[in-house]
Each structure stands twice: as structure tokens, then as C-alpha cells.
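**Q** Below you will find the structure I want to go over with you.
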Amino acid sequence: TGMKRYLRELKPTVFEDIVAMVALYRPGPMQFIDEFIKRKHGLSEITYMHPKMENALENTYGVLVYQEQVMQISKDLAGFTGGEADTLRKAIGKKLVDVMAKMKQRFIDGAVESSGANRQDMEVFWKQLEDFAAYCFNKSHAACYGLISYWTAYLKAHYPEAFMAALMTSDQDDIERLAIEISECKHMGITVLSPDVNESFVEFAVVPDKKEIRFGMAAVKGVGVSVVEEILRAREDGKFASVEDFAKRVSTSKVNKKAWDSLIKTGAFDTMADRSDLLFNLETIQGYASKLQKEALSGQTDLFGGMVEGLAQPTVNLQEAPVKHTNKERLTWERELLGLYISAHPLDNYDTYFEEQTVPLTELKSDIDGRPITIGGIVTSMRTIVTKSGSKMAFVKIEDKTNEAEVIVFPNLYEQIGGSLIQDAVIRASGKVNARDRDGNVTADVKLIADDIQLVDDEELRNYESHGAKMSRPKARKLPANAKKPKSTGLATEKKAESYTVITSEPLKKLYIHIKDPDDQQTLTNIKEACGEFLGICDVVLVLGADKKSAIKMPFRVDPNDALVGRLVKILGEDAVALK
């Protein structure tokens, strides 16, 4: 998302622009992207510390981006040989501090003697080179990545169905990537269809003349490539007319019960029979198939079939299942075996409720950091940890029909609701938006710190009376004059993050605790236990000694609510606790 935003601002006109963006869009050099864009569009002046640097830096508008540029500058400006330039490149690329230190004087003296450069300017440039070592990138690599990006962007734009089918095939073993790609298909207006024994292949396949992609059967858990190849071999004689026909023609030795079960549950036989009925009769179907195929191998079927034309063949009678599986159960099967919901979404019946009672997860962005909000969705996964005080807290991933998000549940709330936070539970969560990293910087990694969580069960949905008013998104914070865009938390986060008009919000308060006697172990233990029960996002600073001359920032954070402050006041007194 971040790369897309920057490319729209850059408006690349030459391939070199894409190569440079590949090298710049990483932690470290990202700080230069805005200046790079301004220089391209004439909003900032393109300057060079020395005229002999222009030849190396003109394609990147005077911004140092690649290792190869350093090599060229060292030769053009400082008179380095090719071997010396390559040694410098290796030292920078591998962060060889000792080698860099040895070459510093050689570079500066060479620039002064060969090119008449200002020694002080060269000292400044060498400092830039040392900083550059922290993030420098090889241009040849960036060019390769840029070319592949250019090709795939072209294919996605002009052959979207074929491109997405190929992409999903390459990632069919990575459920998380597959879910992202199928969501992208929806945004592109491409429908991803369930597996089908008459229509699917090993890989994801384009449905001719339609904006549709058919799920590849090999991507279904429990169905391997050999199973699909056997189904395709049997299908060469024509499509399967019924489940009975499929059982006759497909080898039982290659398509076992597990494969049958997975194909049924993911809808691969939906055009032939009901999933519940098929599962209820699965042993009967397999027994029938096994009997027929054994007889065929022994020659009995051919013998009797050849004697009397039209002789009735054995058949299988499917009994109606006494209990039908619910849509919710069927969608759960799809998620377990395909990694996502295909035929429907478990929140389809919740549209009105969530529109009026929650804000869509796409609206959970950095510009509302610190704002109260209510969101909702279905629990897709949960990770619990035990805090230092021995209590449990949880990181709950939820998704609605627009996006996914993480909800942080601290011990006090977890104690009340933790037992109900199971996969596929539908919840409504209220709390504060948190887009801060450990250092208090606003980032693109946005979470919800939950104050309250409610289960939304079928009964509540049935009894809900719509009032027609949609819940509005909290207002974004105003952008201060000195505001900066939030720091990236790395490419993994950037891949998931929504685009944002991001704004830095007001600084978080800190909880200051005055410890008059730092040697009082019991008091320190009491403070630690109290803080351990109220973990949150607020820093804790211990101010030590009667004279308050030293302070220590604690390695944990707290929720500085009235209950915690009250306990600390009881331990230390009114004047020893401050939130500011």
C-alpha cells in the first residue's frame, strides 16, 4: 500500500524511477523518498556537493541511492582504481567498519588532490557514506526486482484473471497470502469459485470469457496433486454425471476417504448432491465404488454386462441425512480446508448490525490514534501470553467483510471475557486506537486496545431492531505544522497496512512514580505487582531518591486508570504518583 501511494506521487516516467523506488522503499532510505519525489517534479532544487558527482547521481536527482553510485563517485572524484572502488563498495555493503576507516583518508585526499574538492565538504560527504552503509542497496538487484514488478504490473492490468490465477497457484500452500489475493480479486471484480470435480484442475484456472477463477483442487487440504490427476484422467471420458458416476470411474486406491471428505466439504460435489447427505452416506459410497472396481478387475462386470444388453447395473441409494449441517458449519469447513470463505461469508447476516453498531475495519488507521472506537468482526485466531504477574492477556485477530485487525485484550478484561474468545466467535469490541510503537512513534501498524468486548450471538442478531443510522468514524486529528508521516514498521507491516493520510497525534502521557527509598524491596515488589495487573501503552518512570536526582524507565507499560493510580497512592502516598 505504501509503495502504491509513493508511486502515485512520483508519477514515474522512466524505468530508472521504478528501480530507485525499489531501493528506497525500505527501512532507512524511506526518509529520502519525499525529497526524491520533490526533486523529480522540480519542487526541490537538485544539488551536488561537487560537479564530478553529477554523472553518478543525475538519474536519481542528486539523491545517493545505490552502491554502484559510490563506486562511480570514488573513481570520478577521488581517482580510485576499479579495484579500490569495488573494495569500498564491499566495505559499505558489508558494513566493514575497519576497512571504511582505512579508506576514509584515501578518499578525502584523493578528492582534494584529483578534483580540487573542499576538504570540509568531503568530510561531510564521508559521514553521509557511513550513514549510507546502514541501508545501501545494490542497483543490479533493484533493477531485477523493478523489472519483475514492471512485468507483473503490466500483466495484472491487461490480463487480470490469468495473472491472479497464476499468483494464487504459486501461493496455494500459503493460506495467509491466498486470503489476501482472493480479497484482491474481489476488489478487482473477479469472482473466485469453489472447487468443482467437473470444472477444476490441479491449479487455479480462468473460466473462459468470464471474470471468474475456479479454485484449484490441489489447494484443498487433504487433496494432493496425485488425487487431482486421477480425477482429471477419469474426466477425459467426459464430465461426471453424478456422484455414483464419479465413484465408478475414479480409482479408490488413489482417491481415499480423506480426499472424498475434503472435496465434499469444500463444495466440489455441490452440483450433484447436498453436502450433508454425501457425508452421511460416504462409507456406503466408498463401499459401492470399491465393490464395483474389484469386480471390474476380476472380469465379473464385463462378463455379465456383455451377456445381456441393458442388464441393470448395481446402484447406490443415498439416504437423506437426519440432521443437516448449518451454513455456519459449512463455512467453517471452507475456512479449515481452503483457508478462507468461498461460497459465502459468515457475517453476511450481520451487515445491518455492524453498519449501525460498529465502524468498518478499513477505517482503523493511524490518523485516529488515541481515539475511542467500536469495531466488530469474526475471530480468526487468538494468541495468549502470561504476564510477569502471572495473569493472562490476549492478542485477538478479527476480520469483517472489509479488512482484518488485531485487538489487544489486557488481563482485567481477559479475565471476564477470555473463555468466550474462540475461533469463529462474532464480537463487538470498544476501546482506543493504538498506532504507537514502543518508542511512542506513530506507525502504520494499527491495533485496538479493548476496554469492552461483547459476543454477538444469533439471539442478539434476531432481536436487533435497526434504527437506520450508520456509526460514524472518529474524526482524524488535525495535522500540526511540524507533523511527520508515521514511521514504517517494516515491509511486512506495510504489506498489510491500509493507505493513510497519516498524522502524528499528541504525545502519550507517562506515569511517574517517586520511590524515596530505592532499597525498600517490599515497596518495589508491591509496585511491580500492581503495575502487572494493569498492562497498557503508557510508559512508567521510577524517580529515585528523596532528592529525585535519578530516574529509570521501566521495561513494561501500563494502563494508568483510576484503579492503578489508587493502589499506587495507597502504597506510596498522594504526592508520589503523577501522570503527565
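Naming works like this for the C-alpha cells: A, B, ... for the chains as they're shown, residue 1 at the start of each chain, ligands 1 onward in shown order.
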How would you write, as a short mmCIF file (atom, residue, chain, number, x, y, z; two decimals) with N, CA and C atoms, in the first residue's frame, the set of residues in segment 203-445 of chain A that DSSP gives as strand (DSSP E or B)?
**A**
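Saved file out.cif follows:
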```
data_model
loop_
_atom_site.label_atom_id
_atom_site.label_comp_id
_atom_site.auth_asym_id
_atom_site.auth_seq_id
_atom_site.Cartn_x
_atom_site.Cartn_y
_atom_site.Cartn_z
N ALA A 205 -7.62 -21.86 -12.18
CA ALA A 205 -7.81 -21.74 -13.63
C ALA A 205 -8.83 -20.66 -13.96
N VAL A 206 -8.59 -19.98 -15.08
CA VAL A 206 -9.51 -18.95 -15.56
C VAL A 206 -10.71 -19.60 -16.22
N GLU A 212 -13.99 -14.79 -13.86
CA GLU A 212 -14.08 -15.81 -12.82
C GLU A 212 -12.82 -16.68 -12.81
N ILE A 213 -12.46 -17.12 -11.61
CA ILE A 213 -11.34 -18.05 -11.44
C ILE A 213 -11.84 -19.23 -10.63
N ARG A 214 -11.57 -20.42 -11.11
CA ARG A 214 -12.01 -21.63 -10.41
C ARG A 214 -10.89 -22.11 -9.48
N PRO A 372 -11.36 6.90 20.74
CA PRO A 372 -12.22 5.76 21.07
C PRO A 372 -12.98 5.30 19.83
N ILE A 373 -13.19 4.01 19.71
CA ILE A 373 -13.86 3.47 18.53
C ILE A 373 -14.49 2.13 18.88
N THR A 374 -15.51 1.74 18.12
CA THR A 374 -16.11 0.42 18.27
C THR A 374 -16.03 -0.30 16.93
N ILE A 375 -15.46 -1.49 16.95
CA ILE A 375 -15.33 -2.30 15.74
C ILE A 375 -15.94 -3.67 16.00
N GLY A 376 -16.11 -4.44 14.95
CA GLY A 376 -16.68 -5.78 15.12
C GLY A 376 -16.20 -6.71 14.04
N GLY A 377 -16.35 -8.01 14.29
CA GLY A 377 -15.96 -8.98 13.29
C GLY A 377 -15.95 -10.38 13.86
N ILE A 378 -15.44 -11.29 13.08
CA ILE A 378 -15.37 -12.70 13.48
C ILE A 378 -13.93 -13.02 13.90
N VAL A 379 -13.78 -13.75 14.98
CA VAL A 379 -12.45 -14.11 15.48
C VAL A 379 -11.83 -15.16 14.56
N THR A 380 -10.66 -14.85 14.00
CA THR A 380 -9.99 -15.80 13.11
C THR A 380 -8.82 -16.51 13.80
N SER A 381 -8.23 -15.86 14.80
CA SER A 381 -7.15 -16.50 15.57
C SER A 381 -6.93 -15.74 16.86
N MET A 382 -6.29 -16.40 17.82
CA MET A 382 -6.01 -15.75 19.09
C MET A 382 -4.71 -16.30 19.67
N ARG A 383 -3.90 -15.39 20.21
CA ARG A 383 -2.66 -15.78 20.86
C ARG A 383 -2.67 -15.23 22.28
N THR A 384 -2.45 -16.10 23.27
CA THR A 384 -2.44 -15.65 24.66
C THR A 384 -1.02 -15.70 25.20
N ILE A 385 -0.74 -14.80 26.13
CA ILE A 385 0.55 -14.82 26.81
C ILE A 385 0.31 -14.65 28.31
N VAL A 386 1.28 -15.05 29.10
CA VAL A 386 1.20 -14.87 30.55
C VAL A 386 2.11 -13.71 30.92
N LYS A 392 -3.18 -13.65 32.48
CA LYS A 392 -3.21 -13.86 31.03
C LYS A 392 -3.75 -12.63 30.31
N MET A 393 -3.21 -12.41 29.11
CA MET A 393 -3.77 -11.42 28.20
C MET A 393 -3.75 -12.04 26.79
N ALA A 394 -4.41 -11.38 25.84
CA ALA A 394 -4.55 -12.00 24.52
C ALA A 394 -4.41 -10.98 23.39
N PHE A 395 -3.95 -11.49 22.25
CA PHE A 395 -3.92 -10.73 21.00
C PHE A 395 -4.89 -11.44 20.06
N VAL A 396 -6.00 -10.80 19.78
CA VAL A 396 -7.08 -11.43 19.03
C VAL A 396 -7.17 -10.83 17.64
N LYS A 397 -7.08 -11.69 16.62
CA LYS A 397 -7.22 -11.21 15.24
C LYS A 397 -8.67 -11.40 14.82
N ILE A 398 -9.28 -10.33 14.32
CA ILE A 398 -10.65 -10.42 13.83
C ILE A 398 -10.71 -9.92 12.39
N GLU A 399 -11.76 -10.30 11.69
CA GLU A 399 -11.96 -9.76 10.34
C GLU A 399 -13.43 -9.48 10.13
N GLU A 404 -9.01 -6.88 8.12
CA GLU A 404 -8.74 -7.58 9.37
C GLU A 404 -8.00 -6.64 10.32
N ALA A 405 -8.03 -6.95 11.61
CA ALA A 405 -7.39 -6.10 12.60
C ALA A 405 -7.04 -6.93 13.82
N GLU A 406 -6.17 -6.37 14.66
CA GLU A 406 -5.80 -7.04 15.91
C GLU A 406 -6.36 -6.27 17.09
N VAL A 407 -6.94 -7.02 18.02
CA VAL A 407 -7.49 -6.44 19.25
C VAL A 407 -6.65 -6.94 20.42
N ILE A 408 -6.13 -6.01 21.22
CA ILE A 408 -5.33 -6.38 22.38
C ILE A 408 -6.23 -6.39 23.61
N VAL A 409 -6.23 -7.53 24.29
CA VAL A 409 -7.09 -7.72 25.47
C VAL A 409 -6.20 -7.87 26.69
N VAL A 426 -18.30 -14.26 16.96
CA VAL A 426 -18.52 -12.91 16.43
C VAL A 426 -18.57 -11.95 17.61
N ILE A 427 -17.75 -10.90 17.55
CA ILE A 427 -17.65 -9.98 18.68
C ILE A 427 -17.80 -8.53 18.26
N ARG A 428 -18.15 -7.70 19.23
CA ARG A 428 -18.12 -6.24 19.09
C ARG A 428 -17.16 -5.72 20.15
N ALA A 429 -16.13 -4.97 19.74
CA ALA A 429 -15.09 -4.53 20.68
C ALA A 429 -15.00 -3.01 20.67
N SER A 430 -14.96 -2.44 21.88
CA SER A 430 -14.79 -0.99 22.03
C SER A 430 -13.48 -0.71 22.75
N GLY A 431 -12.86 0.40 22.41
CA GLY A 431 -11.59 0.74 23.05
C GLY A 431 -10.94 1.91 22.35
N LYS A 432 -9.61 2.02 22.52
CA LYS A 432 -8.86 3.12 21.91
C LYS A 432 -7.95 2.60 20.81
N VAL A 433 -7.85 3.39 19.75
CA VAL A 433 -6.96 3.07 18.64
C VAL A 433 -5.52 3.29 19.09
N ASN A 434 -4.66 2.33 18.79
CA ASN A 434 -3.25 2.45 19.14
C ASN A 434 -2.40 2.23 17.89
N ALA A 435 -1.70 3.27 17.46
CA ALA A 435 -0.81 3.17 16.30
C ALA A 435 0.63 3.47 16.71
N ARG A 436 0.94 3.29 17.99
CA ARG A 436 2.26 3.65 18.50
C ARG A 436 3.20 2.45 18.59
N VAL A 442 4.17 7.22 16.02
CA VAL A 442 3.01 6.75 15.26
C VAL A 442 3.50 5.92 14.08
N THR A 443 2.93 4.74 13.89
CA THR A 443 3.30 3.85 12.79
C THR A 443 2.06 3.48 11.98
N ALA A 444 2.27 2.68 10.94
CA ALA A 444 1.15 2.20 10.13
C ALA A 444 0.54 0.92 10.70
N ASP A 445 1.10 0.40 11.78
CA ASP A 445 0.61 -0.83 12.40
C ASP A 445 -0.43 -0.46 13.47
#
```
**Q** Skip Phe215 of chain A itself and residues of its chain fewer than 3 positions away, then list as a PyMOL selection string all residues within 10 Å of it, counting only C-alpha atoms.
**A** chain A and resi 165+168-169+172+192-196+199-206+212+218-220+268+338+342
**Q** Give me the residues near segment 561-570 of chain A as number ranges by chain, where near means some atom within 12 Å (using only C-alpha atoms) and where sequence neighbours in that chain fewer than 2 positions away do not count.
**A** A: 412, 451, 511-515, 523-538, 540, 558-559, 572-579
**Q** Hey, could you make a per-residue contact list for segment 305-378 of chain A against segment 270-279 of chain A with 9 Å as the cut-off, showing the nearest pair of atoms and its distance in Å to one decimal, counting only C-alpha atoms, sorted by chain and number, as a Markdown table?
**A**
```
| residue | atom | partner | partner_atom | distance |
| --- | --- | --- | --- | --- |
| A:Leu318 | CA | A:Asp277 | CA | 7.1 |
| A:Gln319 | CA | A:Asp277 | CA | 6.8 |
| A:Glu320 | CA | A:Asp277 | CA | 5.4 |
| A:Ala321 | CA | A:Asp277 | CA | 4.8 |
| A:Pro322 | CA | A:Asp277 | CA | 8.6 |
| A:Val323 | CA | A:Ser276 | CA | 7.7 |
| A:Lys324 | CA | A:Ser276 | CA | 5.6 |
| A:His325 | CA | A:Ser276 | CA | 6.0 |
| A:Arg330 | CA | A:Arg275 | CA | 8.5 |
```
**Q** List as a list in words the protein and nucleic acid residues near Arg177 of chain A, meaning an atom at most 12 Å away when only C-alpha atoms are counted, but skip any in the same chain fewer than 3 places from it.
**A**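 My reading of the contact set: Met164, Leu167, Met168, Thr169, Ser170, Asp171, Gln172, Asp173, Asp174, Ile180, Glu181, Ile182, Ser183, Glu184, Gly339, Leu340, Ala492, Lys495 and Lys496 of chain A.
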**Q** Now that the selection is made, can you save its residues with all heavy atoms as a short mmCIF file (atom, residue, chain, number, x, y, z; two decimals), in the first residue's frame?
**A**
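The result, written out as result_21.cif:
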```
data_model
loop_
_atom_site.label_atom_id
_atom_site.label_comp_id
_atom_site.auth_asym_id
_atom_site.auth_seq_id
_atom_site.Cartn_x
_atom_site.Cartn_y
_atom_site.Cartn_z
N MET A 164 -3.97 -13.28 -11.72
CA MET A 164 -4.36 -13.63 -10.36
C MET A 164 -4.43 -15.14 -10.18
O MET A 164 -4.09 -15.67 -9.12
CB MET A 164 -5.71 -12.99 -10.00
CG MET A 164 -5.66 -11.46 -9.89
SD MET A 164 -4.40 -10.83 -8.75
CE MET A 164 -4.98 -11.48 -7.18
N LEU A 167 -0.87 -16.24 -9.77
CA LEU A 167 -0.37 -15.79 -8.47
C LEU A 167 -0.89 -16.70 -7.35
O LEU A 167 -0.13 -17.13 -6.47
CB LEU A 167 -0.81 -14.35 -8.23
CG LEU A 167 -0.26 -13.65 -6.99
CD1 LEU A 167 1.25 -13.52 -7.06
CD2 LEU A 167 -0.89 -12.27 -6.83
N MET A 168 -2.18 -17.02 -7.40
CA MET A 168 -2.76 -17.88 -6.36
C MET A 168 -2.22 -19.30 -6.44
O MET A 168 -2.04 -19.96 -5.42
CB MET A 168 -4.29 -17.86 -6.46
CG MET A 168 -4.89 -16.53 -6.01
SD MET A 168 -6.68 -16.54 -5.86
CE MET A 168 -7.16 -16.56 -7.57
N THR A 169 -1.94 -19.76 -7.65
CA THR A 169 -1.34 -21.09 -7.80
C THR A 169 0.05 -21.12 -7.15
O THR A 169 0.41 -22.08 -6.45
CB THR A 169 -1.23 -21.47 -9.29
OG1 THR A 169 -2.55 -21.61 -9.82
CG2 THR A 169 -0.47 -22.78 -9.47
N SER A 170 0.82 -20.05 -7.35
CA SER A 170 2.18 -20.02 -6.78
C SER A 170 2.14 -19.95 -5.26
O SER A 170 3.08 -20.38 -4.59
CB SER A 170 2.96 -18.84 -7.35
OG SER A 170 2.47 -17.62 -6.84
N ASP A 171 1.06 -19.42 -4.70
CA ASP A 171 0.95 -19.26 -3.25
C ASP A 171 -0.07 -20.21 -2.61
O ASP A 171 -0.51 -19.97 -1.49
CB ASP A 171 0.54 -17.81 -2.91
CG ASP A 171 1.67 -16.82 -3.16
OD1 ASP A 171 2.83 -17.24 -3.08
OD2 ASP A 171 1.38 -15.64 -3.43
N GLN A 172 -0.43 -21.29 -3.32
CA GLN A 172 -1.54 -22.11 -2.83
C GLN A 172 -1.22 -22.81 -1.50
O GLN A 172 -2.14 -23.21 -0.78
CB GLN A 172 -1.97 -23.13 -3.88
CG GLN A 172 -0.94 -24.20 -4.19
CD GLN A 172 -1.42 -25.13 -5.30
OE1 GLN A 172 -2.23 -24.75 -6.14
NE2 GLN A 172 -0.94 -26.35 -5.30
N ASP A 173 0.05 -22.92 -1.13
CA ASP A 173 0.40 -23.52 0.15
C ASP A 173 0.51 -22.49 1.27
O ASP A 173 0.74 -22.85 2.43
CB ASP A 173 1.73 -24.28 0.05
CG ASP A 173 1.62 -25.48 -0.89
OD1 ASP A 173 0.53 -26.08 -0.93
OD2 ASP A 173 2.61 -25.79 -1.57
N ASP A 174 0.35 -21.22 0.93
CA ASP A 174 0.45 -20.14 1.91
C ASP A 174 -0.94 -19.54 2.10
O ASP A 174 -1.37 -18.66 1.35
CB ASP A 174 1.44 -19.08 1.42
CG ASP A 174 1.72 -18.01 2.45
OD1 ASP A 174 0.91 -17.83 3.37
OD2 ASP A 174 2.76 -17.33 2.34
N ILE A 180 -5.25 -12.94 1.12
CA ILE A 180 -5.02 -11.57 0.65
C ILE A 180 -5.31 -11.47 -0.84
O ILE A 180 -5.94 -10.52 -1.32
CB ILE A 180 -3.57 -11.14 0.95
CG1 ILE A 180 -3.36 -11.00 2.46
CG2 ILE A 180 -3.22 -9.84 0.24
CD1 ILE A 180 -1.90 -10.85 2.86
N GLU A 181 -4.88 -12.48 -1.59
CA GLU A 181 -5.04 -12.44 -3.05
C GLU A 181 -6.50 -12.63 -3.47
O GLU A 181 -6.95 -12.00 -4.44
CB GLU A 181 -4.14 -13.51 -3.68
CG GLU A 181 -2.68 -13.12 -3.60
CD GLU A 181 -1.70 -14.28 -3.57
OE1 GLU A 181 -2.13 -15.42 -3.76
OE2 GLU A 181 -0.50 -14.04 -3.35
N ILE A 182 -7.24 -13.44 -2.75
CA ILE A 182 -8.66 -13.61 -3.09
C ILE A 182 -9.43 -12.35 -2.74
O ILE A 182 -10.36 -11.95 -3.45
CB ILE A 182 -9.23 -14.86 -2.39
CG1 ILE A 182 -8.64 -16.11 -3.06
CG2 ILE A 182 -10.76 -14.89 -2.45
CD1 ILE A 182 -9.09 -17.43 -2.50
N SER A 183 -9.02 -11.68 -1.65
CA SER A 183 -9.62 -10.39 -1.32
C SER A 183 -9.34 -9.37 -2.42
O SER A 183 -10.21 -8.59 -2.82
CB SER A 183 -9.07 -9.89 0.02
OG SER A 183 -9.56 -8.61 0.31
N GLU A 184 -8.13 -9.41 -2.97
CA GLU A 184 -7.77 -8.52 -4.08
C GLU A 184 -8.62 -8.83 -5.31
O GLU A 184 -9.04 -7.92 -6.03
CB GLU A 184 -6.28 -8.68 -4.40
CG GLU A 184 -5.77 -7.84 -5.57
CD GLU A 184 -5.69 -6.35 -5.24
OE1 GLU A 184 -5.98 -5.96 -4.08
OE2 GLU A 184 -5.35 -5.57 -6.15
N GLY A 339 -8.74 -22.30 3.68
CA GLY A 339 -8.07 -21.16 4.29
C GLY A 339 -8.90 -19.90 4.30
O GLY A 339 -8.51 -18.89 4.88
N LEU A 340 -10.08 -19.92 3.69
CA LEU A 340 -10.95 -18.75 3.63
C LEU A 340 -12.35 -19.17 3.21
O LEU A 340 -12.60 -20.33 2.90
CB LEU A 340 -10.39 -17.73 2.65
CG LEU A 340 -10.30 -18.14 1.19
CD1 LEU A 340 -10.09 -16.91 0.33
CD2 LEU A 340 -9.13 -19.09 0.96
N ALA A 492 6.86 -6.03 6.14
CA ALA A 492 5.78 -6.98 6.46
C ALA A 492 4.55 -6.23 6.91
O ALA A 492 3.43 -6.56 6.54
CB ALA A 492 6.23 -7.94 7.55
N LYS A 495 2.91 -4.23 3.96
CA LYS A 495 2.11 -5.02 3.02
C LYS A 495 0.66 -5.09 3.49
O LYS A 495 -0.26 -5.15 2.72
CB LYS A 495 2.68 -6.43 2.89
CG LYS A 495 3.89 -6.52 2.00
CD LYS A 495 4.16 -7.92 1.59
CE LYS A 495 4.66 -8.78 2.71
NZ LYS A 495 5.06 -10.11 2.28
N LYS A 496 0.49 -5.14 4.79
CA LYS A 496 -0.86 -5.31 5.33
C LYS A 496 -1.55 -3.98 5.57
O LYS A 496 -2.77 -3.92 5.62
CB LYS A 496 -0.81 -6.09 6.64
CG LYS A 496 -0.26 -7.49 6.52
CD LYS A 496 -0.35 -8.24 7.81
CE LYS A 496 0.61 -7.72 8.83
NZ LYS A 496 0.61 -8.44 10.09
#
```
**Q** For atom CA of Thr352 of chain A and atom CA of Met471 of chain A, determine how far apart the two atoms are, in Å to one decimal place.
**A** 10.8 Å
**Q** Would you work out the distance separating atom CA of Leu347 of chain A from atom CA of Leu263 of chain A, expressed in Å to one decimal?
**A**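 Atom-to-atom, atom CA of Leu347 of chain A to atom CA of Leu263 of chain A, that is 23.7 Å.
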**Q** So what do you get for atom CA of Val225 of chain A versus atom CA of Glu176 of chain A, distance-wise?
**A**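 Calculated distance between atom CA of Val225 of chain A and atom CA of Glu176 of chain A is 20.8 Å.
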**Q** Residues near segment 66-73 of chain A, anyone? I mean within 6 Å using only C-alpha atoms, not counting same-chain ones fewer than 6 positions away, as an MDAnalysis selection string.
**A** chainID A and resid 53 56 85 89 137:139
**Q** Which residue gives the smallest distance to Lys211 of chain A among A:Glu161, A:Thr252, A:Phe32, A:Ala259, with only C-alpha atoms counted?
**A** A:Glu161
**Q** In terms of the shortest atom-to-atom distance over only C-alpha atoms, which of A:Leu129, A:Val243, A:Ala425, A:Ile231 is closest to Leu88 of chain A?
**A** A:Leu129
**Q** Using only C-alpha atoms, which residues of segment 37-75 of chain A come within 10 Å of segment 101-112 of chain A, and what is the closest atom pair for each, with the distance in Å to one decimal? Give it as a tab-separated table, sorted by chain and residue number.
**A**
```
residue	atom	partner	partner_atom	distance
A:His50	CA	A:Ala111	CA	9.7
A:Lys52	CA	A:Ala111	CA	9.8
A:Ile73	CA	A:Ala111	CA	9.6
A:Ser74	CA	A:Phe107	CA	7.0
A:Lys75	CA	A:Ala111	CA	9.4
```
**Q** Which residues are near Met100 of chain A? Cut-off 9 Å, only C-alpha atoms, ignore same chain within fewer than 4 positions. Put them as number ranges by chain.
**A** A: 88, 91-92, 95-96, 104, 130
**Q** Extract the full set of alpha helix (DSSP H) residues from segment 67-131 of chain A according to DSSP on the backbone, and format it as a ChimeraX atom specification.
**A** /A:67-76,82-93,97-115,119-131
